[in-house]
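Participant: Would you mind keeping the following structure in view while I ask a few things?
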Amino acid sequence: MAHFLTDRDRDRVAQAIRAVEARTSAELVAVVAHEAESYHHIPTLWAALAALALPPVALLVASALTMAEIVLIQLGVFVVLAALGWWRPVRMALVPTRMKKARAARLAREQFFVQRLHETAGRTGVLIFVSVAERHVEIIADVGISKLVGNDVWQRAVDHFVANVRAGRIAEGFIGAIEQCGGVLIGHFPADGRNPDELPDRLIEV
């Protein structure tokens, strides 16, 4: 379970989803991931590159070093840097921004299908997704909605959500996004009294 969310946070998000779905025939699903990937290979790679680049520098500083001593220093540098890279803030700082965005976007699309949003009646499912480590927020609407609502509408909700994620207010970000999305969905897809509750109304943590 995500340590940055309390049980009260989860309850508030669930209540926000239920309040919106009571007024629309669309389905909202909220998913939070701690991180899209572990990225453990990234600090290991950086540590290996630093160790490989060490011999010329070491010989410039201390030309009397033997090959055995250089290899020992290389090993020590690799172990220290690799271990340091396991600390999450350092690890995430080493990961290229483009890679973080790509991995988080891929997980969002996976969750769209894993949570069965593509199976709703009328294809009116909306995924509100955040991967906290990457500070990546995405709203994905199924075809029944996307043909009526452009991405620019969702982007405003995403922008507010990202600001909350950066400030550590994950629950507030979800609630704000749910309410903003709800305002759009209620206008285009008002409740008709016939739509079943097809998907979970709780915050899903992966």
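Labels used: A, B, ... for chains in the order of the structure tokens, numbers from 1 for residues in each chain, and numbers from 1 for ligands as shown.
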Can you tell me, as a ChimeraX atom specification, which residues in chain A count as strand (DSSP E or B) by DSSP?

Facilitator: /A:24,27-33,125-131,136-141,190,203-205

Participant: Restrict the calculation to only C-alpha atoms, then for each residue of stretch 11-30 of chain A with any atom at most 9 Å from an atom of stretch 99-119 of chain A give the closest atom pair and their distance in Å to one decimal, rows by chain and rising residue number, as a tab-separated table.

Facilitator:
```
residue	atom	partner	partner_atom	distance
A:Glu27	CA	A:Leu117	CA	7.9
A:Leu28	CA	A:Leu117	CA	8.6
A:Val29	CA	A:Gln115	CA	7.8
```

Participant: Go ahead and write the selection's residues with N, CA and C atoms as a compact mmCIF listing (two decimals), in the first residue's frame.

Facilitator:
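Saved file result_36.txt follows:
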```txt
# COMPACT_ATOMS: atom_id res chain seq x y z
N GLU A 27 -17.94 6.02 -16.44
CA GLU A 27 -17.28 5.33 -15.34
C GLU A 27 -15.90 5.94 -15.10
N LEU A 28 -15.61 6.28 -13.85
CA LEU A 28 -14.31 6.82 -13.46
C LEU A 28 -13.53 5.77 -12.69
N VAL A 29 -12.25 5.62 -13.04
CA VAL A 29 -11.36 4.75 -12.28
C VAL A 29 -10.10 5.54 -11.93
```

Participant: Rank nothing, just name the residue among A:Val184, A:Val126, A:Ala16, A:Leu5 nearest to A:His34, using only C-alpha atoms.

Facilitator: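 Result for the nearest residue to A:His34: A:Leu5.
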
Participant: In Å, how far is it from atom CA of A:Thr6 to atom CA of A:Thr97?

Facilitator: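 Answer for the atom CA of A:Thr6 to atom CA of A:Thr97 separation: 28.9 Å.
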
Participant: Considering only C-alpha atoms, return as number ranges by chain whatever protein or nucleic-acid residues lie within 10 Å of stretch 172-178 of chain A, sequence-local ones (same chain, fewer than 5 positions apart) excluded.

Facilitator: A: 9-10, 12-21, 28-32, 126-130, 137, 139, 154, 156-167, 183, 203

Participant: Quick check, in Å to one decimal: how far apart do atom CA of A:Pro89 and atom CA of A:Gly168 lie?

Facilitator: 14.5 Å

Participant: Report, in Å to a single decimal, how far apart atom CA of A:Val149 and atom CA of A:Ala36 are.

Facilitator: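 Computing it gives 27.2 Å between the two atoms.
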
Participant: DSSP on the backbone: what in chain A comes out helix (DSSP H, G or I), as a PyMOL selection string?

Facilitator: chain A and resi 7-21+41-61+67-85+88-94+97-114+117-119+121-123+143-146+151-166+170-188

Participant: Measuring between only C-alpha atoms, which one of A:Ala26, A:Ala50, A:Arg8, A:Ile42 shows the shortest distance to A:Gly193?

Facilitator: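 Nearest candidate to A:Gly193 out of A:Ala26, A:Ala50, A:Arg8, A:Ile42: A:Ala26.
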
Participant: Have a look at A:Ala33, A:Ala93, A:Gly150, A:Leu49 and name the one nearest to A:Leu75; count only C-alpha atoms.

Facilitator: A:Leu49

Participant: Considering only C-alpha atoms, state which residue in the set A:His188, A:Arg135, A:Arg98, A:Arg202 is at the smallest distance from A:Arg169.

Facilitator: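 Among the listed residues, the smallest separation from A:Arg169 belongs to A:Arg135.
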